[in-house]
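To be precise, the following lines are coords-v4.cif, and they hold mmCIF, C-alpha atoms and all ligand atoms.
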data_structure
#
loop_
_atom_site.label_atom_id
_atom_site.label_comp_id
_atom_site.auth_asym_id
_atom_site.auth_seq_id
_atom_site.Cartn_x
_atom_site.Cartn_y
_atom_site.Cartn_z
CA MET C 19 -9.59 19.68 25.24
CA PRO C 20 -6.04 20.42 26.47
CA LYS C 21 -3.74 22.49 24.32
CA LYS C 22 -0.77 20.94 22.49
CA GLY C 23 2.55 20.55 24.32
CA PRO C 24 5.49 22.93 23.84
CA LYS C 25 6.95 23.12 20.31
CA GLY C 26 3.74 21.54 18.99
CA ASN C 27 4.80 18.12 20.34
CA MET C 28 2.14 15.50 20.91
CA ARG C 29 2.17 14.60 24.57
CA VAL C 30 1.55 10.87 24.87
CA VAL C 31 0.28 8.79 27.80
CA GLU C 32 0.97 5.06 27.47
CA LEU C 33 -1.33 2.77 29.48
CA PHE C 34 -0.80 -1.01 29.95
CA ALA C 35 2.66 -0.16 28.70
CA GLY C 36 4.30 -3.60 29.04
CA VAL C 37 7.83 -3.07 27.74
CA GLY C 38 6.78 -0.03 25.71
CA GLY C 39 5.73 -1.26 22.26
CA PHE C 40 3.72 1.88 21.49
CA ARG C 41 6.57 4.08 22.66
CA VAL C 42 9.16 2.26 20.55
CA GLY C 43 6.95 2.57 17.45
CA LEU C 44 5.96 6.20 18.01
CA GLU C 45 9.51 7.33 18.79
CA ARG C 46 10.68 5.72 15.57
CA ALA C 47 7.86 7.42 13.66
CA SER C 48 8.69 10.96 14.77
CA ASP C 49 10.42 12.98 17.48
CA HIS C 50 7.16 14.92 17.83
CA PHE C 51 5.75 12.14 20.03
CA ASP C 52 6.74 12.87 23.60
CA THR C 53 5.68 10.24 26.17
CA VAL C 54 4.96 12.25 29.31
CA TRP C 55 3.50 9.46 31.49
CA SER C 56 3.27 5.69 31.39
CA ASN C 57 1.72 3.00 33.55
CA GLN C 58 2.51 -0.72 33.78
CA TRP C 59 1.62 -3.09 36.61
CA GLU C 60 1.41 -6.83 36.38
CA PRO C 61 -1.32 -8.14 38.70
CA ALA C 62 -0.32 -10.71 41.35
CA ARG C 63 3.40 -10.57 40.59
CA LYS C 64 6.09 -9.54 42.98
CA LYS C 65 8.77 -9.07 40.35
CA GLN C 66 7.55 -6.26 38.08
CA ASP C 67 9.95 -6.99 35.24
CA ALA C 68 8.00 -5.35 32.39
CA SER C 69 7.97 -2.10 34.34
CA ALA C 70 11.66 -2.50 35.27
CA ILE C 71 12.57 -2.98 31.60
CA TYR C 72 10.47 0.04 30.64
CA VAL C 73 12.34 2.15 33.19
CA ALA C 74 15.73 0.78 32.10
CA ARG C 75 15.02 1.71 28.46
CA PHE C 76 13.18 5.01 28.85
CA GLY C 77 14.01 6.28 32.36
CA ALA C 78 11.89 6.49 35.51
CA ASP C 79 10.56 9.99 34.79
CA GLY C 80 6.77 9.90 34.51
CA HIS C 81 6.57 6.11 34.89
CA SER C 82 4.07 4.57 37.29
CA ASN C 83 4.12 0.93 38.44
CA THR C 84 0.77 0.66 40.22
CA ASP C 85 -2.59 -0.85 39.42
CA ILE C 86 -4.14 1.70 37.03
CA SER C 87 -7.48 1.36 38.82
CA THR C 88 -5.88 2.93 41.92
CA VAL C 89 -4.38 5.93 40.10
CA PRO C 90 -6.39 9.14 40.54
CA VAL C 91 -6.78 11.12 37.31
CA ARG C 92 -5.16 14.13 38.96
CA ASP C 93 -1.88 12.14 38.93
CA ILE C 94 -2.03 11.78 35.14
CA PRO C 95 -0.69 14.79 33.22
CA ASP C 96 -2.61 16.48 30.41
CA HIS C 97 -1.88 14.82 27.10
CA ASP C 98 -2.86 14.87 23.43
CA LEU C 99 -2.71 11.16 22.63
CA LEU C 100 -3.64 8.21 24.85
CA VAL C 101 -2.23 4.84 23.72
CA GLY C 102 -2.34 1.28 25.01
CA GLY C 103 -3.07 -2.39 24.39
CA PHE C 104 -5.75 -3.68 26.77
CA PRO C 105 -7.50 -7.01 27.32
CA CYS C 106 -10.70 -8.28 25.78
CA GLN C 107 -13.01 -8.73 28.79
CA ASP C 108 -16.73 -8.56 29.49
CA TYR C 109 -17.66 -4.89 28.87
CA SER C 110 -21.31 -5.29 29.88
CA VAL C 111 -22.97 -2.51 31.83
CA ALA C 112 -25.66 -3.04 34.45
CA ARG C 113 -28.22 -0.64 35.88
CA THR C 114 -27.87 0.15 39.57
CA LEU C 115 -29.97 2.18 41.94
CA ASN C 116 -27.24 3.75 43.99
CA LYS C 117 -24.87 5.32 41.41
CA ALA C 118 -25.29 8.86 40.15
CA ASP C 119 -25.98 7.88 36.53
CA GLY C 120 -27.44 4.50 37.51
CA LEU C 121 -25.00 2.58 35.27
CA VAL C 122 -21.98 0.50 36.20
CA GLY C 123 -19.50 -1.71 34.31
CA LYS C 124 -18.03 -4.89 35.82
CA LYS C 125 -15.27 -4.41 38.40
CA GLY C 126 -11.71 -5.05 37.23
CA VAL C 127 -12.59 -4.52 33.55
CA LEU C 128 -9.76 -2.38 32.23
CA TRP C 129 -11.75 -0.75 29.45
CA TRP C 130 -13.45 1.33 32.14
CA GLU C 131 -10.05 2.59 33.31
CA ILE C 132 -9.31 3.88 29.81
CA HIS C 133 -12.81 5.36 29.70
CA ARG C 134 -12.34 7.09 33.08
CA ILE C 135 -9.10 8.71 31.88
CA LEU C 136 -10.54 9.79 28.51
CA LYS C 137 -13.53 11.30 30.28
CA ALA C 138 -11.44 13.29 32.76
CA LYS C 139 -8.51 14.32 30.56
CA GLU C 140 -10.20 14.61 27.13
CA PRO C 141 -7.09 14.04 25.00
CA GLY C 142 -7.64 14.98 21.36
CA TYR C 143 -6.66 11.50 20.15
CA PHE C 144 -6.34 7.90 21.23
CA PHE C 145 -4.71 4.86 19.62
CA LEU C 146 -5.58 1.48 21.15
CA GLU C 147 -4.96 -2.18 20.40
CA ASN C 148 -6.82 -5.39 21.24
CA VAL C 149 -7.24 -8.96 20.00
CA ASP C 150 -9.53 -9.09 16.96
CA ARG C 151 -11.90 -11.36 18.89
CA LEU C 152 -13.18 -8.18 20.58
CA LEU C 153 -15.20 -7.40 17.43
CA LYS C 154 -17.17 -10.63 17.91
CA SER C 155 -17.42 -11.13 21.66
CA PRO C 156 -19.22 -12.50 23.58
CA ALA C 157 -20.16 -15.68 21.69
CA THR C 158 -23.78 -15.44 22.88
CA GLN C 159 -24.26 -11.87 21.64
CA ARG C 160 -21.66 -11.24 18.93
CA GLY C 161 -20.23 -7.71 18.89
CA ARG C 162 -21.90 -6.56 22.09
CA ASP C 163 -18.67 -5.66 23.91
CA PHE C 164 -17.42 -3.60 20.99
CA ALA C 165 -20.83 -1.91 20.68
CA VAL C 166 -20.67 -0.94 24.37
CA MET C 167 -17.18 0.41 23.81
CA LEU C 168 -18.17 2.43 20.71
CA ALA C 169 -21.32 3.81 22.35
CA SER C 170 -19.38 4.89 25.44
CA LEU C 171 -16.81 6.65 23.20
CA ALA C 172 -19.52 8.41 21.21
CA ASP C 173 -21.00 9.64 24.48
CA LEU C 174 -17.57 11.12 25.40
CA GLY C 175 -17.44 13.05 22.09
CA TYR C 176 -15.09 10.81 20.09
CA ALA C 177 -15.36 9.67 16.49
CA VAL C 178 -13.59 6.36 15.94
CA GLU C 179 -12.06 4.34 13.11
CA TRP C 180 -10.87 0.76 13.49
CA ARG C 181 -8.98 -1.74 11.40
CA VAL C 182 -7.87 -5.33 11.86
CA ILE C 183 -4.24 -5.50 10.76
CA ASN C 184 -2.13 -8.60 10.27
CA ALA C 185 1.43 -7.27 10.42
CA ALA C 186 2.68 -9.93 7.98
CA ASP C 187 0.23 -8.70 5.30
CA TYR C 188 2.34 -5.54 5.14
CA GLY C 189 5.80 -7.09 4.92
CA MET C 190 6.50 -7.46 8.66
CA PRO C 191 8.03 -10.64 10.09
CA GLN C 192 5.10 -11.98 12.20
CA ARG C 193 1.57 -13.09 11.39
CA ARG C 194 -0.02 -11.20 14.26
CA ARG C 195 -3.58 -10.04 13.68
CA ARG C 196 -4.89 -7.38 16.02
CA VAL C 197 -7.59 -4.74 15.96
CA PHE C 198 -6.40 -1.14 16.22
CA PHE C 199 -8.60 1.84 17.06
CA LEU C 200 -7.98 5.51 16.45
CA GLY C 201 -10.22 8.01 18.20
CA TYR C 202 -10.51 11.68 17.30
CA HIS C 203 -12.27 14.08 19.64
CA LYS C 204 -14.92 15.77 17.53
CA SER C 205 -13.40 19.17 18.40
CA THR C 206 -10.07 18.29 16.67
CA PRO C 207 -9.43 19.00 12.98
CA LEU C 208 -9.26 15.25 12.24
CA GLY C 209 -12.43 14.62 14.24
CA LYS C 210 -14.21 17.37 12.27
CA LYS C 211 -13.06 15.83 8.99
CA LEU C 212 -14.35 12.37 9.93
CA VAL C 213 -17.66 13.83 11.13
CA ALA C 214 -18.05 15.74 7.83
CA THR C 215 -17.30 12.67 5.67
CA LYS C 216 -20.30 11.96 3.46
CA ARG C 217 -18.99 8.68 2.04
CA PRO C 218 -17.56 6.46 4.78
CA GLU C 219 -16.03 4.00 2.27
CA ASN C 220 -13.86 6.89 1.05
CA TRP C 221 -12.49 7.25 4.57
CA LEU C 222 -12.02 3.49 4.97
CA LEU C 223 -10.29 2.96 1.62
CA ARG C 224 -8.54 6.28 0.92
CA LYS C 225 -8.80 9.19 3.32
CA GLY C 226 -8.55 7.61 6.76
CA ILE C 227 -5.32 7.25 8.73
CA PHE C 228 -5.40 3.43 8.55
CA ALA C 229 -6.16 3.52 4.81
CA GLU C 230 -3.13 5.71 4.23
CA ALA C 231 -0.80 3.71 6.51
CA PHE C 232 -2.10 0.30 5.43
CA PRO C 233 -3.61 0.39 1.92
CA ALA C 234 -6.60 -1.92 1.50
CA GLN C 235 -9.32 -2.79 -0.98
CA ALA C 236 -12.95 -3.68 -0.37
CA LYS C 237 -13.23 -7.46 -0.16
CA ASP C 238 -16.77 -7.65 -1.41
CA GLY C 239 -19.82 -5.50 -1.16
CA LYS C 240 -20.27 -2.06 0.28
CA THR C 241 -20.20 -0.44 3.70
CA ILE C 242 -23.03 -1.52 5.95
CA ARG C 243 -24.61 1.14 8.16
CA SER C 244 -26.16 0.58 11.57
CA ARG C 245 -26.87 2.56 14.72
CA ILE C 246 -26.14 1.71 18.34
CA GLU C 247 -29.22 2.73 20.29
CA GLY C 248 -29.97 3.19 23.97
CA ASP C 249 -27.99 3.77 27.14
CA LEU C 250 -25.12 1.41 27.90
CA ALA C 251 -27.31 -0.96 29.93
CA GLU C 252 -29.74 -1.16 27.01
CA VAL C 253 -26.90 -1.77 24.55
CA THR C 254 -25.70 -4.55 26.87
CA GLU C 255 -29.10 -6.14 27.01
CA HIS C 256 -30.33 -5.78 23.45
CA PHE C 257 -27.36 -5.53 21.09
CA ASN C 258 -27.47 -8.36 18.54
CA ASN C 259 -29.57 -10.37 20.93
CA GLY C 260 -32.02 -11.88 18.50
CA PRO C 261 -32.43 -15.11 16.58
CA HIS C 262 -29.96 -13.86 13.91
CA SER C 263 -27.14 -13.04 16.33
CA ARG C 264 -24.68 -15.63 15.00
CA ASN C 265 -22.48 -13.19 13.13
CA GLY C 266 -21.48 -9.91 14.67
CA PRO C 267 -22.16 -6.81 12.60
CA PHE C 268 -18.60 -5.45 12.74
CA GLY C 269 -16.30 -6.04 9.75
CA ASN C 270 -12.53 -5.73 9.85
CA ALA C 271 -12.67 -2.00 9.05
CA GLY C 272 -15.12 0.63 10.19
CA VAL C 273 -15.91 4.11 11.42
CA MET C 274 -18.29 5.36 14.10
CA VAL C 275 -19.62 8.91 14.36
CA ASP C 276 -22.34 9.82 16.87
CA ARG C 277 -23.20 6.13 17.30
CA THR C 278 -23.73 5.61 13.57
CA VAL C 279 -21.45 2.78 12.45
CA ASP C 280 -20.26 2.15 8.88
CA THR C 281 -18.34 -1.07 8.44
CA LEU C 282 -16.67 -2.79 5.50
CA ALA C 283 -14.76 -6.03 4.89
CA VAL C 284 -11.34 -5.13 3.44
CA ILE C 285 -8.24 -7.01 2.28
CA ALA C 286 -4.64 -5.82 2.42
CA ASP C 287 -3.32 -4.15 -0.72
CA HIS C 288 0.44 -4.57 -0.32
CA HIS C 289 2.94 -5.69 -2.91
CA GLY C 290 6.34 -5.03 -1.35
CA LYS C 291 8.86 -7.62 -0.26
CA GLY C 292 7.99 -9.55 2.90
CA THR C 293 10.22 -10.31 5.88
CA THR C 294 10.46 -13.97 6.86
CA LEU C 295 11.28 -15.95 9.98
CA GLY C 296 14.57 -16.90 8.30
CA ASP C 297 15.45 -13.19 7.98
CA VAL C 298 15.47 -12.63 11.76
CA LEU C 299 17.61 -15.63 12.79
CA LEU C 300 20.94 -15.11 14.54
CA PRO C 301 24.11 -16.63 13.05
CA LEU C 302 24.39 -20.22 14.25
CA ASP C 303 27.47 -19.56 16.40
CA GLU C 304 25.57 -16.91 18.41
CA VAL C 305 22.80 -19.29 19.53
CA PRO C 306 23.36 -20.56 23.10
CA ALA C 307 23.39 -24.37 23.49
CA GLU C 308 20.23 -24.50 25.65
CA PHE C 309 18.05 -23.46 22.68
CA PHE C 310 18.85 -26.66 20.80
CA ILE C 311 16.43 -29.57 21.19
CA PRO C 312 18.22 -32.69 22.48
CA GLU C 313 17.75 -35.83 20.35
CA ALA C 314 16.04 -37.52 23.29
CA LYS C 315 13.28 -34.86 23.30
CA ARG C 316 12.63 -34.84 19.54
CA LYS C 317 9.88 -37.45 19.79
CA ALA C 318 7.96 -35.52 22.44
CA TRP C 319 8.03 -32.38 20.27
CA MET C 320 6.94 -34.35 17.21
CA TYR C 321 4.01 -35.84 19.10
CA LEU C 322 2.76 -32.45 20.30
CA LYS C 323 3.18 -30.83 16.88
CA GLY C 324 1.58 -33.74 15.02
CA SER C 325 -2.04 -34.46 14.09
CA LYS C 326 -3.86 -36.77 16.48
CA ARG C 327 -7.11 -38.55 17.02
CA GLU C 328 -7.25 -40.34 20.34
CA ARG C 329 -9.52 -41.35 23.16
CA ARG C 330 -9.02 -39.23 26.27
CA THR C 331 -10.57 -39.29 29.74
CA ASN C 332 -11.49 -36.23 31.75
CA ALA C 333 -9.66 -36.62 35.08
CA ALA C 334 -12.30 -34.68 37.04
CA ASN C 335 -15.45 -36.54 35.99
CA GLY C 336 -14.13 -39.73 34.38
CA PHE C 337 -15.91 -39.13 31.05
CA SER C 338 -14.17 -40.35 27.89
CA TYR C 339 -14.17 -38.36 24.65
CA ASP C 340 -12.53 -38.33 21.19
CA TYR C 341 -9.75 -35.77 20.93
CA MET C 342 -8.64 -34.51 17.52
CA GLU C 343 -6.25 -31.86 16.27
CA GLY C 344 -4.41 -31.15 13.03
CA ALA C 345 -0.65 -30.97 12.51
CA MET C 346 1.38 -27.81 13.10
CA ALA C 347 4.21 -26.91 10.74
CA PHE C 348 7.27 -28.67 12.19
CA PRO C 349 9.81 -27.25 11.91
CA ASP C 350 8.48 -23.76 11.19
CA ALA C 351 8.97 -22.52 7.61
CA LEU C 352 11.91 -20.12 7.28
CA ASP C 353 10.68 -18.59 4.04
CA LYS C 354 7.45 -17.22 5.53
CA PRO C 355 6.65 -14.75 8.32
CA ALA C 356 6.52 -16.39 11.78
CA ARG C 357 3.32 -17.50 13.47
CA THR C 358 1.94 -15.34 16.32
CA ILE C 359 4.22 -15.32 19.36
CA ILE C 360 2.25 -16.27 22.46
CA THR C 361 3.19 -15.74 26.12
CA GLY C 362 4.11 -19.44 26.54
CA GLU C 363 6.83 -19.24 23.85
CA GLY C 364 9.70 -19.48 26.35
CA GLY C 365 11.19 -22.42 28.27
CA SER C 366 12.63 -25.71 27.06
CA SER C 367 9.65 -28.02 27.68
CA PRO C 368 8.17 -29.46 24.45
CA SER C 369 5.13 -27.57 23.19
CA ARG C 370 2.78 -27.45 20.25
CA PHE C 371 2.91 -23.67 19.93
CA LYS C 372 6.53 -22.70 20.45
CA HIS C 373 8.44 -22.02 17.24
CA VAL C 374 11.05 -24.59 16.22
CA VAL C 375 13.53 -23.95 13.41
CA CYS C 376 15.85 -26.36 11.61
CA MET C 377 19.51 -25.38 11.23
CA PRO C 378 21.53 -26.11 8.07
CA ASP C 379 23.24 -28.93 10.00
CA GLY C 380 19.85 -30.55 10.69
CA ARG C 381 19.62 -29.65 14.38
CA LEU C 382 16.34 -28.29 15.70
CA ARG C 383 16.12 -25.36 18.05
CA ARG C 384 13.79 -22.85 19.72
CA LEU C 385 13.96 -19.11 19.13
CA THR C 386 16.18 -16.91 21.29
CA PRO C 387 14.85 -13.79 23.07
CA VAL C 388 16.57 -11.53 20.51
CA GLU C 389 14.86 -13.35 17.63
CA LEU C 390 11.50 -12.94 19.38
CA GLU C 391 12.24 -9.23 19.80
CA ARG C 392 13.00 -9.00 16.09
CA LEU C 393 9.67 -10.68 15.23
CA ASN C 394 7.97 -7.79 17.08
CA MET C 395 10.41 -5.29 15.54
CA PHE C 396 11.86 -4.22 18.91
CA PRO C 397 15.56 -3.29 19.10
CA ASP C 398 17.83 -6.27 19.84
CA GLY C 399 18.22 -6.76 23.58
CA HIS C 400 15.22 -4.58 24.48
CA THR C 401 14.03 -7.05 27.13
CA ALA C 402 17.50 -7.99 28.43
CA GLY C 403 17.74 -8.00 32.21
CA THR C 404 15.21 -10.70 33.09
CA ALA C 405 15.12 -14.51 32.57
CA ASP C 406 14.80 -15.86 28.98
CA GLY C 407 11.38 -17.40 29.70
CA ARG C 408 10.12 -14.05 30.93
CA ARG C 409 11.56 -12.26 27.91
CA ALA C 410 9.53 -14.61 25.72
CA PHE C 411 6.43 -13.95 27.86
CA LEU C 412 6.89 -10.18 27.49
CA MET C 413 7.17 -10.52 23.70
CA GLY C 414 4.03 -12.69 23.65
CA ASN C 415 2.20 -9.81 25.36
CA ALA C 416 3.67 -7.08 23.17
CA LEU C 417 2.92 -5.98 19.60
CA VAL C 418 4.61 -5.53 16.24
CA THR C 419 6.05 -2.05 16.70
CA GLY C 420 6.23 -1.54 12.92
CA VAL C 421 2.42 -1.23 12.88
CA ILE C 422 2.58 1.57 15.45
CA GLU C 423 5.39 3.30 13.57
CA ARG C 424 3.46 3.38 10.29
CA VAL C 425 0.29 4.70 11.90
CA GLY C 426 2.35 7.19 13.94
CA LYS C 427 3.95 8.66 10.79
CA VAL C 428 0.60 9.27 9.12
CA LEU C 429 -1.09 10.47 12.31
CA GLU C 430 1.63 13.02 13.03
CA ARG C 431 1.29 14.53 9.56
CA ARG C 432 -2.51 14.47 9.50
CA VAL C 433 -2.91 15.96 12.98
CA LYS C 434 -1.05 19.03 11.71
CA GLY C 435 -3.77 19.40 9.06
C1 LIG Q 1 -1.40 -6.68 26.20
S1 LIG Q 1 -0.21 -6.17 27.32
C2 LIG Q 1 0.41 -4.73 26.54
C3 LIG Q 1 1.84 -4.86 26.14
C4 LIG Q 1 2.48 -3.62 25.55
N1 LIG Q 1 1.74 -3.05 24.46
C5 LIG Q 1 3.91 -3.91 25.10
O1 LIG Q 1 4.30 -3.48 24.03
O2 LIG Q 1 4.64 -4.59 25.82
C6 LIG Q 1 -1.17 -5.52 28.66
C7 LIG Q 1 -0.34 -5.05 29.84
O3 LIG Q 1 -1.22 -4.52 30.84
C8 LIG Q 1 -0.68 -4.83 32.11
N2 LIG Q 1 -1.77 -4.73 33.12
C9 LIG Q 1 -2.73 -5.65 33.39
N3 LIG Q 1 -3.53 -5.21 34.38
C10 LIG Q 1 -3.09 -3.97 34.72
C11 LIG Q 1 -3.52 -3.01 35.69
N4 LIG Q 1 -4.57 -3.23 36.49
N5 LIG Q 1 -2.83 -1.84 35.79
C12 LIG Q 1 -1.77 -1.59 34.98
N6 LIG Q 1 -1.31 -2.47 34.05
C13 LIG Q 1 -1.97 -3.66 33.92
C14 LIG Q 1 -0.11 -6.25 31.92
O4 LIG Q 1 0.86 -6.55 32.89
C15 LIG Q 1 0.45 -6.17 30.50
O5 LIG Q 1 1.81 -5.82 30.51
#

Represent the structure contained in this file as structure tokens.
Amino acid sequence: MPKKGPKGNMRVVELFAGVGGFRVGLERASDHFDTVWSNQWEPARKKQDASAIYVARFGADGHSNTDISTVPVRDIPDHDLLVGGFPCQDYSVARTLNKADGLVGKKGVLWWEIHRILKAKEPGYFFLENVDRLLKSPATQRGRDFAVMLASLADLGYAVEWRVINAADYGMPQRRRRVFFLGYHKSTPLGKKLVATKRPENWLLRKGIFAEAFPAQAKDGKTIRSRIEGDLAEVTEHFNNGPHSRNGPFGNAGVMVDRTVDTLAVIADHHGKGTTLGDVLLPLDEVPAEFFIPEAKRKAWMYLKGSKRERRTNAANGFSYDYMEGAMAFPDALDKPARTIITGEGGSSPSRFKHVVCMPDGRLRRLTPVELERLNMFPDGHTAGTADGRRAFLMGNALVTGVIERVGKVLERRVKG
């Protein structure tokens, strides 16, 4: 494992950096986090605006704008903490005859890029983010992808804790539920502590980094223990692949040490004041005219937001079917946290999922880029420099930086012992 950086700083590498959500959160948590290298590349896009914004905010030093799968590990500096938000894809592993260890993951699956870097660089810690669906995917073999991921991390010498966190449950302005993972190399003081823990529920409810940053209570029942057996091809083939495979085994909190998994269903234990969508809105006179919904478009928005039950025909095969969906809040409530921002939030065309707020004068409008930044707790204007629709897209891809900040504060203190 590499030694700590100068002055005891934690050297951070940020993968899949987007516009730098991890960096914003960690830098706010402590000046001990020192991002030494970052990588961001948007596939099949000429204009690399996320990377350009990253460079504009943090400088070009140590930033790479190439497909991570083409970056040799020798180009990545030694670091103590690897961070990044990566996609939920098919993590299955197949057996081959012509590879040294006879095992290979699917091409283009970004988990294996993270794995390659962890294997070569052995940072003491990692902090990763994904959609919570990862704990239950694929639908035919619930939890298999996460089991492959955990097993591959155990084999690299990491102990792991995970937690599903909805930022709004802890007073933040957006209902955004994501799964976060912290990994501790077993040679680090934190790794040794997790390995030595006799009662995993103590770690999950009191002693762990997530438990300290985001207090929680057991929802019902106790921790459930299981083991992930076999090489990665066997995990792929057999994990939860029986007649009872409907529910995955992974709860919203858990730890894994040496392939033994202890998991627990928890609920947030937070009583502070919450931030609402209304709290992030700009004064009316600062909202540009194009964000207001013209009277003539109101009906189209109402239709898309409304509940419906109608007969539809599939254009490709001519089959008719009944289509049903419930109503969305319209306009969005100002006294609650916002819904999850998705990448399609920008642009003026009517949509079911874009937020719409009602002004005191009765006019309806969409959210501005600055308001979307505030919902993710980025500084105002962080994504300025590209088109409004793209700014919305970049916020849909990003994360609530307040989550990173809270974990960063606890991690920094606990890493010191
Ligand atoms: C979920 S987003 C992470 C956003 C980031 N956490 C933020 O705060 O903006 C994943 C990012 O990975 C980038 N990406 C996808 N494939 C990549 C690849 N092969 N190499 C490098 N980056 C990639 C995407 O462009 C996207 O910005």

Around the point (1.9, 11.8, 25.4), in the coordinates given by the file, pick out the residues reaching within 10 Å, counting only C-alpha atoms, and return them as a tab-separated table (two decimals) with C-alpha atoms, keeping the file's coordinate frame.
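Contents of the output file selection_30.tsv:
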chain	number	residue	atom	x	y	z
C	22	LYS	CA	-0.77	20.94	22.49
C	23	GLY	CA	2.55	20.55	24.32
C	27	ASN	CA	4.80	18.12	20.34
C	28	MET	CA	2.14	15.50	20.91
C	29	ARG	CA	2.17	14.60	24.57
C	30	VAL	CA	1.55	10.87	24.87
C	31	VAL	CA	0.28	8.79	27.80
C	32	GLU	CA	0.97	5.06	27.47
C	41	ARG	CA	6.57	4.08	22.66
C	50	HIS	CA	7.16	14.92	17.83
C	51	PHE	CA	5.75	12.14	20.03
C	52	ASP	CA	6.74	12.87	23.60
C	53	THR	CA	5.68	10.24	26.17
C	54	VAL	CA	4.96	12.25	29.31
C	55	TRP	CA	3.50	9.46	31.49
C	56	SER	CA	3.27	5.69	31.39
C	95	PRO	CA	-0.69	14.79	33.22
C	96	ASP	CA	-2.61	16.48	30.41
C	97	HIS	CA	-1.88	14.82	27.10
C	98	ASP	CA	-2.86	14.87	23.43
C	99	LEU	CA	-2.71	11.16	22.63
C	100	LEU	CA	-3.64	8.21	24.85
C	101	VAL	CA	-2.23	4.84	23.72
C	141	PRO	CA	-7.09	14.04	25.00

- Message: Set the distance at 7 Å and use all atoms listed in the file: which residues neighbour segment 371-379 of chain C once local chain neighbours fewer than 4 positions away are removed? I'd like the list as a list in words.
- Response: Phe348, Pro349, Asp350, Glu363, Arg383, Arg384 and Leu385 of chain C

- Task: Take atom CA of Tyr176 of chain C and atom CA of Tyr202 of chain C and report the distance between them in Å, one decimal.
- Result: 5.4 Å

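Each residue with an atom within 7 Å of any atom of ligand LIG 1 (chain Q) appears in the list, which was built counting all atoms listed in the file: C:Leu33, C:Phe34, C:Ala35, C:Gly36, C:Val37, C:Gly38, C:Gly39, C:Phe40, C:Asn57, C:Gln58, C:Trp59, C:Glu60, C:Pro61, C:Ala68, C:Thr84, C:Asp85, C:Ile86, C:Ser87, C:Gly102, C:Gly103, C:Phe104, C:Pro105, C:Leu128, C:Leu412, C:Met413, C:Asn415, C:Ala416, C:Leu417.
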
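If you measure from each of C:Pro368, C:Gly380, C:Gly260, C:Gly269 to Thr241 of chain C using all atoms listed in the file, the closest one turns out to be C:Gly269.
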
- Quick one: residues within 12 Å of (-2.7, -28.7, 11.7) (file frame), counting only C-alpha atoms, please, as a PyMOL selection string. chain C and resi 322-326+342-348+370-371

- Item | Residue nearest Glu131 of chain C among C:Val91, C:Thr361, C:Phe164, C:Asn116 (counting only C-alpha atoms) | C:Val91

- Item | Who sits within 12 Å of Arg392 of chain C, all atoms listed in the file, same chain under 3 positions skipped, as a PyMOL selection string | chain C and resi 190-192+293-300+355-356+359+385-389+395-401+410+413+416-420

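Taking atom CA of Thr358 of chain C and atom CA of Tyr188 of chain C as the two end points, the separation is 14.9 Å.
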
- Message: I'd like to know which of C:Leu302, C:Ala236, C:Val425, C:Ala318 is closest to Arg381 of chain C, using only C-alpha atoms.
- Response: C:Leu302
